[in-house]
2 protein chains.
Amino acid sequence: MKKLVNDVHDVVKESLEGFETAHADTIKVNFDPDFVVRAQPKEDGKVGLVSGGGSGHEPLHGGYVGYGMLDAAVPGAVFTSPTPDPIVEATKAADHGAGVLHIVKNYTGDVLNFETAAELCEMEDIEVATVVVNDDVAVEDSLYTAGRRGVAGTFLVEKIAGAAAERGDDLNAVAKIAQAVNDNCRSMGLALGPCTVPHAGKPSFDLGETEVEMGIGIHGEPGYRRTEMKTADELATELYEKVTSDLPFEEGDDVIVLVNGMGGTPLSELYIINRKVQQLMKKDGLNPVRTIVGDYVTSLEMPGCSLTFLRVHDDMLELFDAPTNTPGYRKGM
Amino acid sequence: MKKLVNDVHDVVKESLEGFETAHADTIKVNFDPDFVVRAQPKEDGKVGLVSGGGSGHEPLHGGYVGYGMLDAAVPGAVFTSPTPDPIVEATKAADHGAGVLHIVKNYTGDVLNFETAAELCEMEDIEVATVVVNDDVAVEDSLYTAGRRGVAGTFLVEKIAGAAAERGDDLNAVAKIAQAVNDNCRSMGLALGPCTVPHAGKPSFDLGETEVEMGIGIHGEPGYRRTEMKTADELATELYEKVTSDLPFEEGDDVIVLVNGMGGTPLSELYIINRKVQQLMKKDGLNPVRTIVGDYVTSLEMPGCSLTFLRVHDDMLELFDAPTNTPGYRKGM
């Protein structure tokens, strides 16, 4: 294993230290327990947003702390759920008297630990609502989940719910929009190869020289099939068909499109995928109101990509366009 | 070779198509000859900025077309200089009557083709100035260069000169600030492995299981030595020492720091590198006035990173902080 690390057990802590020094104008890191908070917390009355989960998906979640998105984020060890204690502390830090929304990707450990943390917070009179993100259409139950997994759609939930909180919506309204984003969001990914978790020291799975894993999970969990390598257009078409047939997306729908890199794929290849996706949307009469392409929810250095579609309605687009200033995503400020 | 491509000869064109559909609010792509221009060109009197070079370094250069940075960018084939013809057309498109600055990375083909293009433009009464970027301290002459190579510092030249043009500086002034950025900028990179040029179909070089290439070029050209893999702190220290001893950077200097990913390195590892860099700066009394960490100038999916230091003086920092809105970098708007 060749990685830019020191002791493999210090990866998360040292990465957080380097993260804080780079973005001290926007975020602060609390160590022991480890969580990321805004450098300039909102004074009073704003609903707090907290997310978290295993590290290794950067910029998710710490990179999305800042104006217009999260108030705090809790990084676990790489691909490992954070324990309740730091979630409780992050929730306290994110509470400005209007309650806190937990945005939780649907993995058994995350759901359990956020649930425990929420109970502990309620005992301290912090009102907590929770949205569980489960946008991945690839598989139903999987290695770490009951039900579908939460993947790149999480970014859209954080962006849109974050904007709702920023404009002053109350906890019930913010939770409702977060849930609506999840309900209208579908994703699927593929991998051309594995990634290596530093403390494991070896690739998370084996894939043949000419194989591709369709429906890959963001921890390298198996998808729904392995197939021989195909052209970008064929692979994009399979992602597109799985994603659009699920909701289903229908002619005339306004869609926010996210072509997401898993960490080890050149931007130029993501654009080739996007090209085909846009062609297919045109043919089917789907309207790409916004398209973003890049590494938003990664799996360390995994080569591969995912496709996320969000069917927008009500004021989701306005909220998506609202200003935000975080280390990982900046818009309008 | 597993890549998200169709015909390897269509990579640049198809990628540009997907790029245009994603960012139609900001950029337009002209095909045959291929170049990227702003969707909303500035009307009159602004100095135009044009850069370009081989593709494969995305978001450089097309991703930096937009308000506050470039007016046009010319992508060649992967790792291959564009010919004079598209450079001429891009220069014409970027000319708003105040002349055009060519920002050229110091590779023999790029320098030659931009030079020819500049001569052709002058014959059509477009005034052209040129800055050649050569920030890489790793090697003097190399595979594709006479003198030092131009690498990630190019991003800083484009950002700062772009802001100067946007505020209304004339061609002479914009060229002068671009040159000053280059003169005060030093970079060096390392690779943990190769990348694969699609039309070549095989990795650009071989590197042993435990080897690292110090001073790597952005096309996978050799650096100044191969060594056994070391810790992130040791590797960061070597980059830091080479970069800072070259200008040299001295106690009290204000520095913009860019920890750049080469395409296949997790963000978390770049932050571990940044952590050590910031520790070393503190020890030496260098002042990191701004730090950016991410994939700004890449080499396809190469695993590795580079470190760029810019000693800021005069109004460079103000220009760096000025608003910009491009597909690859957004700030203050």
# chains A, B, ... in the order shown; residues from 1 in each chain; ligands from 1
>>> closest_atom_pairs(of="chain A", to="chain B", cutoff="8 Å", atoms="only C-alpha atoms", output="JSON lines")
{"residue": "A:Met1", "atom": "CA", "partner": "B:Glu209", "partner_atom": "CA", "distance": 7.8}
{"residue": "A:Lys2", "atom": "CA", "partner": "B:Leu192", "partner_atom": "CA", "distance": 6.6}
{"residue": "A:Lys3", "atom": "CA", "partner": "B:Glu269", "partner_atom": "CA", "distance": 7.4}
{"residue": "A:Leu4", "atom": "CA", "partner": "B:Ala232", "partner_atom": "CA", "distance": 4.6}
{"residue": "A:Val5", "atom": "CA", "partner": "B:Ala232", "partner_atom": "CA", "distance": 4.7}
{"residue": "A:Asn6", "atom": "CA", "partner": "B:Thr231", "partner_atom": "CA", "distance": 4.9}
{"residue": "A:Val11", "atom": "CA", "partner": "B:Ile272", "partner_atom": "CA", "distance": 7.5}
{"residue": "A:Val12", "atom": "CA", "partner": "B:Ser268", "partner_atom": "CA", "distance": 7.7}
{"residue": "A:Glu14", "atom": "CA", "partner": "B:Ile272", "partner_atom": "CA", "distance": 5.6}
{"residue": "A:Ser15", "atom": "CA", "partner": "B:Ile272", "partner_atom": "CA", "distance": 4.6}
{"residue": "A:Leu16", "atom": "CA", "partner": "B:Tyr271", "partner_atom": "CA", "distance": 7.3}
{"residue": "A:Glu17", "atom": "CA", "partner": "B:Arg275", "partner_atom": "CA", "distance": 6.0}
{"residue": "A:Gly18", "atom": "CA", "partner": "B:Arg275", "partner_atom": "CA", "distance": 3.9}
{"residue": "A:Phe19", "atom": "CA", "partner": "B:Tyr271", "partner_atom": "CA", "distance": 5.5}
{"residue": "A:Thr21", "atom": "CA", "partner": "B:Arg275", "partner_atom": "CA", "distance": 7.2}
{"residue": "A:Ala22", "atom": "CA", "partner": "B:Thr291", "partner_atom": "CA", "distance": 5.0}
{"residue": "A:His23", "atom": "CA", "partner": "B:Thr291", "partner_atom": "CA", "distance": 7.4}
{"residue": "A:Gly56", "atom": "CA", "partner": "B:Ser268", "partner_atom": "CA", "distance": 7.1}
{"residue": "A:Glu58", "atom": "CA", "partner": "B:Leu267", "partner_atom": "CA", "distance": 6.2}
{"residue": "A:Pro59", "atom": "CA", "partner": "B:Leu267", "partner_atom": "CA", "distance": 7.2}
{"residue": "A:Leu192", "atom": "CA", "partner": "B:Lys2", "partner_atom": "CA", "distance": 6.6}
{"residue": "A:Glu209", "atom": "CA", "partner": "B:Lys2", "partner_atom": "CA", "distance": 7.7}
{"residue": "A:Thr210", "atom": "CA", "partner": "B:Lys2", "partner_atom": "CA", "distance": 6.9}
{"residue": "A:Met229", "atom": "CA", "partner": "B:Lys2", "partner_atom": "CA", "distance": 7.1}
{"residue": "A:Thr231", "atom": "CA", "partner": "B:Asn6", "partner_atom": "CA", "distance": 4.9}
{"residue": "A:Ala232", "atom": "CA", "partner": "B:Leu4", "partner_atom": "CA", "distance": 4.6}
{"residue": "A:Asp233", "atom": "CA", "partner": "B:Asn6", "partner_atom": "CA", "distance": 6.7}
{"residue": "A:Gly263", "atom": "CA", "partner": "B:Pro266", "partner_atom": "CA", "distance": 6.2}
{"residue": "A:Gly264", "atom": "CA", "partner": "B:Gly264", "partner_atom": "CA", "distance": 4.3}
{"residue": "A:Thr265", "atom": "CA", "partner": "B:Glu301", "partner_atom": "CA", "distance": 5.8}
{"residue": "A:Pro266", "atom": "CA", "partner": "B:Leu300", "partner_atom": "CA", "distance": 5.0}
{"residue": "A:Leu267", "atom": "CA", "partner": "B:Glu58", "partner_atom": "CA", "distance": 6.2}
{"residue": "A:Ser268", "atom": "CA", "partner": "B:Ser15", "partner_atom": "CA", "distance": 5.4}
{"residue": "A:Glu269", "atom": "CA", "partner": "B:Leu4", "partner_atom": "CA", "distance": 5.4}
{"residue": "A:Leu270", "atom": "CA", "partner": "B:Leu4", "partner_atom": "CA", "distance": 7.5}
{"residue": "A:Tyr271", "atom": "CA", "partner": "B:Gly18", "partner_atom": "CA", "distance": 4.5}
{"residue": "A:Ile272", "atom": "CA", "partner": "B:Ser15", "partner_atom": "CA", "distance": 4.6}
{"residue": "A:Ile273", "atom": "CA", "partner": "B:Leu4", "partner_atom": "CA", "distance": 7.2}
{"residue": "A:Asn274", "atom": "CA", "partner": "B:Gly18", "partner_atom": "CA", "distance": 5.1}
{"residue": "A:Arg275", "atom": "CA", "partner": "B:Gly18", "partner_atom": "CA", "distance": 3.9}
{"residue": "A:Lys276", "atom": "CA", "partner": "B:Gly18", "partner_atom": "CA", "distance": 7.6}
{"residue": "A:Gln278", "atom": "CA", "partner": "B:Thr21", "partner_atom": "CA", "distance": 7.4}
{"residue": "A:Arg290", "atom": "CA", "partner": "B:Ala22", "partner_atom": "CA", "distance": 7.5}
{"residue": "A:Thr291", "atom": "CA", "partner": "B:Ala22", "partner_atom": "CA", "distance": 5.0}
{"residue": "A:Ile292", "atom": "CA", "partner": "B:Ala22", "partner_atom": "CA", "distance": 6.3}
{"residue": "A:Val293", "atom": "CA", "partner": "B:Ala22", "partner_atom": "CA", "distance": 7.2}
{"residue": "A:Leu300", "atom": "CA", "partner": "B:Pro266", "partner_atom": "CA", "distance": 5.0}
{"residue": "A:Glu301", "atom": "CA", "partner": "B:Pro266", "partner_atom": "CA", "distance": 5.4}
{"residue": "A:Arg330", "atom": "CA", "partner": "B:Arg330", "partner_atom": "CA", "distance": 6.5}
{"residue": "A:Lys331", "atom": "CA", "partner": "B:Met333", "partner_atom": "CA", "distance": 6.4}
{"residue": "A:Gly332", "atom": "CA", "partner": "B:Met333", "partner_atom": "CA", "distance": 4.1}
{"residue": "A:Met333", "atom": "CA", "partner": "B:Gly332", "partner_atom": "CA", "distance": 4.0}
>>> select_by_dssp(residues="stretch 74-146 of chain B", states="strand (DSSP E)", output="list in words")
Val74, Pro75, Gly76, Ala77, Val78, Val100, Leu101, His102, Ile103, Val104, Lys105, Val128, Ala129, Thr130, Val131, Val132 and Val133 of chain B
>>> write_last_selection(atoms="C-alpha atoms", output="mmCIF file, in the first residue's frame")
data_model
loop_
_atom_site.group_PDB
_atom_site.id
_atom_site.type_symbol
_atom_site.label_atom_id
_atom_site.label_comp_id
_atom_site.auth_asym_id
_atom_site.auth_seq_id
_atom_site.Cartn_x
_atom_site.Cartn_y
_atom_site.Cartn_z
ATOM 1 C CA VAL B 74 -7.410 25.770 -25.879
ATOM 2 C CA PRO B 75 -7.299 22.052 -25.136
ATOM 3 C CA GLY B 76 -4.943 19.915 -27.167
ATOM 4 C CA ALA B 77 -5.116 16.147 -27.324
ATOM 5 C CA VAL B 78 -4.260 14.472 -24.024
ATOM 6 C CA VAL B 100 -4.679 39.414 -25.185
ATOM 7 C CA LEU B 101 -2.333 37.753 -22.722
ATOM 8 C CA HIS B 102 -1.215 34.219 -23.534
ATOM 9 C CA ILE B 103 -0.473 32.157 -20.435
ATOM 10 C CA VAL B 104 1.754 29.314 -21.594
ATOM 11 C CA LYS B 105 3.230 26.476 -19.577
ATOM 12 C CA VAL B 128 -0.534 39.724 -27.789
ATOM 13 C CA ALA B 129 1.683 39.512 -24.727
ATOM 14 C CA THR B 130 2.932 36.213 -23.362
ATOM 15 C CA VAL B 131 3.909 34.897 -19.972
ATOM 16 C CA VAL B 132 5.653 31.546 -19.853
ATOM 17 C CA VAL B 133 5.041 29.703 -16.586
#
>>> select_by_dssp(residues="stretch 223-277 of chain A", states="helix (DSSP H, G or I)", output="CSV table (one decimal) with C-alpha atoms, in the first residue's frame")
chain,number,residue,atom,x,y,z
A,232,ALA,CA,-18.6,4.9,-21.2
A,233,ASP,CA,-21.8,5.3,-23.2
A,234,GLU,CA,-23.0,1.8,-22.3
A,235,LEU,CA,-22.1,2.2,-18.7
A,236,ALA,CA,-23.7,5.6,-18.5
A,237,THR,CA,-26.8,4.2,-20.1
A,238,GLU,CA,-27.0,1.4,-17.5
A,239,LEU,CA,-26.7,3.9,-14.6
A,240,TYR,CA,-29.3,6.2,-16.2
A,241,GLU,CA,-31.8,3.4,-16.8
A,242,LYS,CA,-31.5,2.1,-13.2
A,243,VAL,CA,-31.8,5.5,-11.7
A,244,THR,CA,-34.6,6.9,-13.9
A,245,SER,CA,-36.8,3.8,-13.8
A,246,ASP,CA,-36.8,3.7,-10.1
A,267,LEU,CA,-12.8,14.9,-14.4
A,268,SER,CA,-12.6,14.4,-18.2
A,269,GLU,CA,-14.1,10.9,-17.9
A,270,LEU,CA,-16.9,12.2,-15.6
A,271,TYR,CA,-17.7,14.7,-18.4
A,272,ILE,CA,-17.9,11.9,-20.9
A,273,ILE,CA,-20.4,10.2,-18.7
A,274,ASN,CA,-22.3,13.4,-18.4
A,275,ARG,CA,-22.4,13.8,-22.1
A,276,LYS,CA,-24.3,10.5,-22.5
A,277,VAL,CA,-26.6,11.2,-19.6
>>> residues_around(residues="A:Gly150", least_positions_apart="2", cutoff="10 Å", atoms="only C-alpha atoms", output="CSV table (one decimal) with N, CA, C and O atoms, in the first residue's frame")
chain,number,residue,atom,x,y,z
A,104,VAL,N,-28.5,11.4,8.2
A,104,VAL,CA,-27.8,10.1,8.5
A,104,VAL,C,-27.9,9.2,7.2
A,104,VAL,O,-29.0,9.0,6.7
A,105,LYS,N,-26.8,8.8,6.8
A,105,LYS,CA,-26.8,7.8,5.6
A,105,LYS,C,-27.2,6.5,6.2
A,105,LYS,O,-26.9,6.0,7.3
A,106,ASN,N,-28.0,5.8,5.4
A,106,ASN,CA,-28.6,4.5,5.9
A,106,ASN,C,-27.6,3.3,5.9
A,106,ASN,O,-27.6,2.5,5.0
A,107,TYR,N,-26.8,3.3,7.0
A,107,TYR,CA,-25.9,2.2,7.3
A,107,TYR,C,-26.3,1.8,8.7
A,107,TYR,O,-26.5,2.7,9.6
A,132,VAL,N,-33.1,9.9,7.3
A,132,VAL,CA,-32.2,8.8,6.9
A,132,VAL,C,-32.1,8.8,5.3
A,132,VAL,O,-33.2,8.7,4.7
A,133,VAL,N,-31.0,9.0,4.8
A,133,VAL,CA,-30.8,9.1,3.4
A,133,VAL,C,-30.6,7.7,2.8
A,133,VAL,O,-29.7,6.9,3.3
A,134,ASN,N,-31.4,7.3,1.8
A,134,ASN,CA,-31.2,6.0,1.2
A,134,ASN,C,-31.5,6.0,-0.3
A,134,ASN,O,-32.4,5.4,-0.8
A,135,ASP,N,-30.7,6.8,-1.0
A,135,ASP,CA,-30.9,7.1,-2.4
A,135,ASP,C,-30.4,6.0,-3.4
A,135,ASP,O,-30.7,6.1,-4.6
A,136,ASP,N,-29.6,5.0,-2.9
A,136,ASP,CA,-29.0,4.1,-3.8
A,136,ASP,C,-29.9,3.0,-4.3
A,136,ASP,O,-30.3,2.2,-3.5
A,137,VAL,N,-30.2,3.0,-5.6
A,137,VAL,CA,-31.1,2.0,-6.1
A,137,VAL,C,-30.5,0.7,-6.4
A,137,VAL,O,-31.2,-0.3,-6.7
A,145,THR,N,-26.3,-2.7,5.5
A,145,THR,CA,-27.6,-2.0,5.6
A,145,THR,C,-28.8,-2.9,5.7
A,145,THR,O,-28.8,-4.0,5.2
A,147,GLY,N,-32.2,-2.3,4.1
A,147,GLY,CA,-32.8,-1.3,3.1
A,147,GLY,C,-31.7,-0.8,2.3
A,147,GLY,O,-30.6,-1.3,2.2
A,148,ARG,N,-32.0,0.3,1.6
A,148,ARG,CA,-31.1,0.9,0.6
A,148,ARG,C,-30.0,1.7,1.3
A,148,ARG,O,-30.2,2.3,2.4
A,152,ALA,N,-24.5,9.4,-2.8
A,152,ALA,CA,-24.2,10.8,-3.2
A,152,ALA,C,-25.4,11.8,-3.0
A,152,ALA,O,-25.2,13.0,-2.9
A,153,GLY,N,-26.6,11.3,-3.0
A,153,GLY,CA,-27.7,12.1,-2.7
A,153,GLY,C,-27.6,12.9,-1.4
A,153,GLY,O,-28.2,14.0,-1.3
A,154,THR,N,-26.8,12.4,-0.5
A,154,THR,CA,-26.6,13.0,0.8
A,154,THR,C,-26.1,14.5,0.6
A,154,THR,O,-26.5,15.4,1.3
A,182,ASN,N,-34.7,13.5,-0.1
A,182,ASN,CA,-34.4,12.1,-0.2
A,182,ASN,C,-35.4,11.3,-1.0
A,182,ASN,O,-35.1,10.4,-1.8
A,186,ARG,N,-32.5,9.6,-6.5
A,186,ARG,CA,-32.1,8.3,-6.8
A,186,ARG,C,-30.6,8.3,-7.3
A,186,ARG,O,-30.3,9.2,-8.1
A,187,SER,N,-29.8,7.3,-6.9
A,187,SER,CA,-28.4,7.3,-7.3
A,187,SER,C,-28.0,5.8,-7.6
A,187,SER,O,-28.6,4.9,-7.2
A,217,GLY,N,-21.1,0.0,-3.7
A,217,GLY,CA,-21.3,0.9,-2.6
A,217,GLY,C,-20.1,1.8,-2.3
A,217,GLY,O,-19.0,1.6,-2.8
A,218,ILE,N,-20.4,2.8,-1.5
A,218,ILE,CA,-19.3,3.8,-1.3
A,218,ILE,C,-18.3,3.3,-0.3
A,218,ILE,O,-17.3,4.0,0.0
>>> closest_residue(among="B:Arg226, B:Arg167, B:His9, B:His313", to="B:His199", atoms="only C-alpha atoms")
B:His9
>>> residues_around(residues="A:Glu43", least_positions_apart="3", cutoff="10 Å", atoms="only C-alpha atoms", output="PDB file with N, CA and C atoms, in the first residue's frame")
ATOM      1  N   GLN A  40     -17.728  30.531  12.372  1.00  0.00           N
ATOM      2  CA  GLN A  40     -18.641  31.594  12.834  1.00  0.00           C
ATOM      3  C   GLN A  40     -20.036  31.009  12.989  1.00  0.00           C
ATOM      4  N   LYS A  46     -31.549  29.555  14.595  1.00  0.00           N
ATOM      5  CA  LYS A  46     -31.457  28.775  13.366  1.00  0.00           C
ATOM      6  C   LYS A  46     -31.463  27.293  13.701  1.00  0.00           C
ATOM      7  N   ASP A  95     -26.646  23.313  18.136  1.00  0.00           N
ATOM      8  CA  ASP A  95     -27.962  23.748  18.619  1.00  0.00           C
ATOM      9  C   ASP A  95     -27.949  25.239  18.936  1.00  0.00           C
ATOM     10  N   HIS A  96     -28.826  25.955  18.251  1.00  0.00           N
ATOM     11  CA  HIS A  96     -28.956  27.395  18.519  1.00  0.00           C
ATOM     12  C   HIS A  96     -30.345  27.689  19.073  1.00  0.00           C
ATOM     13  N   GLY A  97     -30.908  26.687  19.756  1.00  0.00           N
ATOM     14  CA  GLY A  97     -32.193  26.888  20.416  1.00  0.00           C
ATOM     15  C   GLY A  97     -33.407  26.548  19.566  1.00  0.00           C
TER      16      GLY A  97
END
>>> residues_around(residues="B:Val197", least_positions_apart="3", cutoff="8 Å", atoms="only C-alpha atoms", output="list in words")
Val78, Phe79, Ala200, Gly201, Lys202, Pro203, Ser204 and Leu300 of chain B
>>> residues_around(residues="B:Thr108", least_positions_apart="3", cutoff="7 Å", atoms="only C-alpha atoms", output="compact mmCIF listing (two decimals) with C-alpha atoms, in the first residue's frame")
# COMPACT_ATOMS: atom_id res chain seq x y z
CA VAL B 111 5.78 27.64 -26.35
CA LEU B 112 6.34 27.17 -30.07
CA TYR B 144 9.62 18.19 -23.06
CA THR B 145 11.29 21.40 -21.96
CA ALA B 146 14.17 23.73 -22.27
>>> atom_distance(atom1="atom CA of B:Asp71", atom2="atom CA of B:Val36")
8.3 Å
>>> atom_distance(atom1="atom CA of A:Asp284", atom2="atom CA of A:Asn260")
21.6 Å
>>> residues_around(residues="A:Ala72", least_positions_apart="2", cutoff="7 Å", atoms="only C-alpha atoms", output="mmCIF file with N, CA and C atoms, in the first residue's frame")
data_model
loop_
_atom_site.group_PDB
_atom_site.id
_atom_site.type_symbol
_atom_site.label_atom_id
_atom_site.label_comp_id
_atom_site.auth_asym_id
_atom_site.auth_seq_id
_atom_site.Cartn_x
_atom_site.Cartn_y
_atom_site.Cartn_z
ATOM 1 N N PHE A 35 -15.033 16.466 16.022
ATOM 2 C CA PHE A 35 -16.090 16.929 15.119
ATOM 3 C C PHE A 35 -15.724 18.294 14.543
ATOM 4 N N VAL A 36 -16.365 18.618 13.437
ATOM 5 C CA VAL A 36 -16.111 19.863 12.721
ATOM 6 C C VAL A 36 -17.297 20.794 12.952
ATOM 7 N N VAL A 37 -17.046 22.046 13.259
ATOM 8 C CA VAL A 37 -18.124 23.032 13.407
ATOM 9 C C VAL A 37 -17.783 24.282 12.595
ATOM 10 N N ARG A 38 -18.763 25.136 12.421
ATOM 11 C CA ARG A 38 -18.513 26.396 11.733
ATOM 12 C C ARG A 38 -17.607 27.296 12.564
ATOM 13 N N LEU A 49 -27.879 21.803 11.619
ATOM 14 C CA LEU A 49 -27.796 20.592 10.795
ATOM 15 C C LEU A 49 -26.518 19.848 11.140
ATOM 16 N N VAL A 50 -26.648 18.580 11.467
ATOM 17 C CA VAL A 50 -25.482 17.759 11.786
ATOM 18 C C VAL A 50 -25.516 16.507 10.919
ATOM 19 N N SER A 51 -24.390 16.214 10.301
ATOM 20 C CA SER A 51 -24.269 14.939 9.616
ATOM 21 C C SER A 51 -22.975 14.275 10.056
ATOM 22 N N VAL A 65 -19.440 21.729 5.974
ATOM 23 C CA VAL A 65 -19.788 22.562 7.126
ATOM 24 C C VAL A 65 -19.515 24.018 6.769
ATOM 25 N N LEU A 70 -24.059 22.531 6.460
ATOM 26 C CA LEU A 70 -24.091 21.954 7.814
ATOM 27 C C LEU A 70 -23.594 22.927 8.883
ATOM 28 N N VAL A 74 -19.512 14.943 11.927
ATOM 29 C CA VAL A 74 -18.833 14.019 12.831
ATOM 30 C C VAL A 74 -18.152 12.930 12.010
ATOM 31 N N ALA A 90 -21.366 17.234 18.964
ATOM 32 C CA ALA A 90 -21.573 18.018 17.745
ATOM 33 C C ALA A 90 -22.978 18.598 17.710
ATOM 34 N N ALA A 94 -24.162 22.459 17.571
ATOM 35 C CA ALA A 94 -24.972 22.921 16.439
ATOM 36 C C ALA A 94 -26.318 23.464 16.876
#
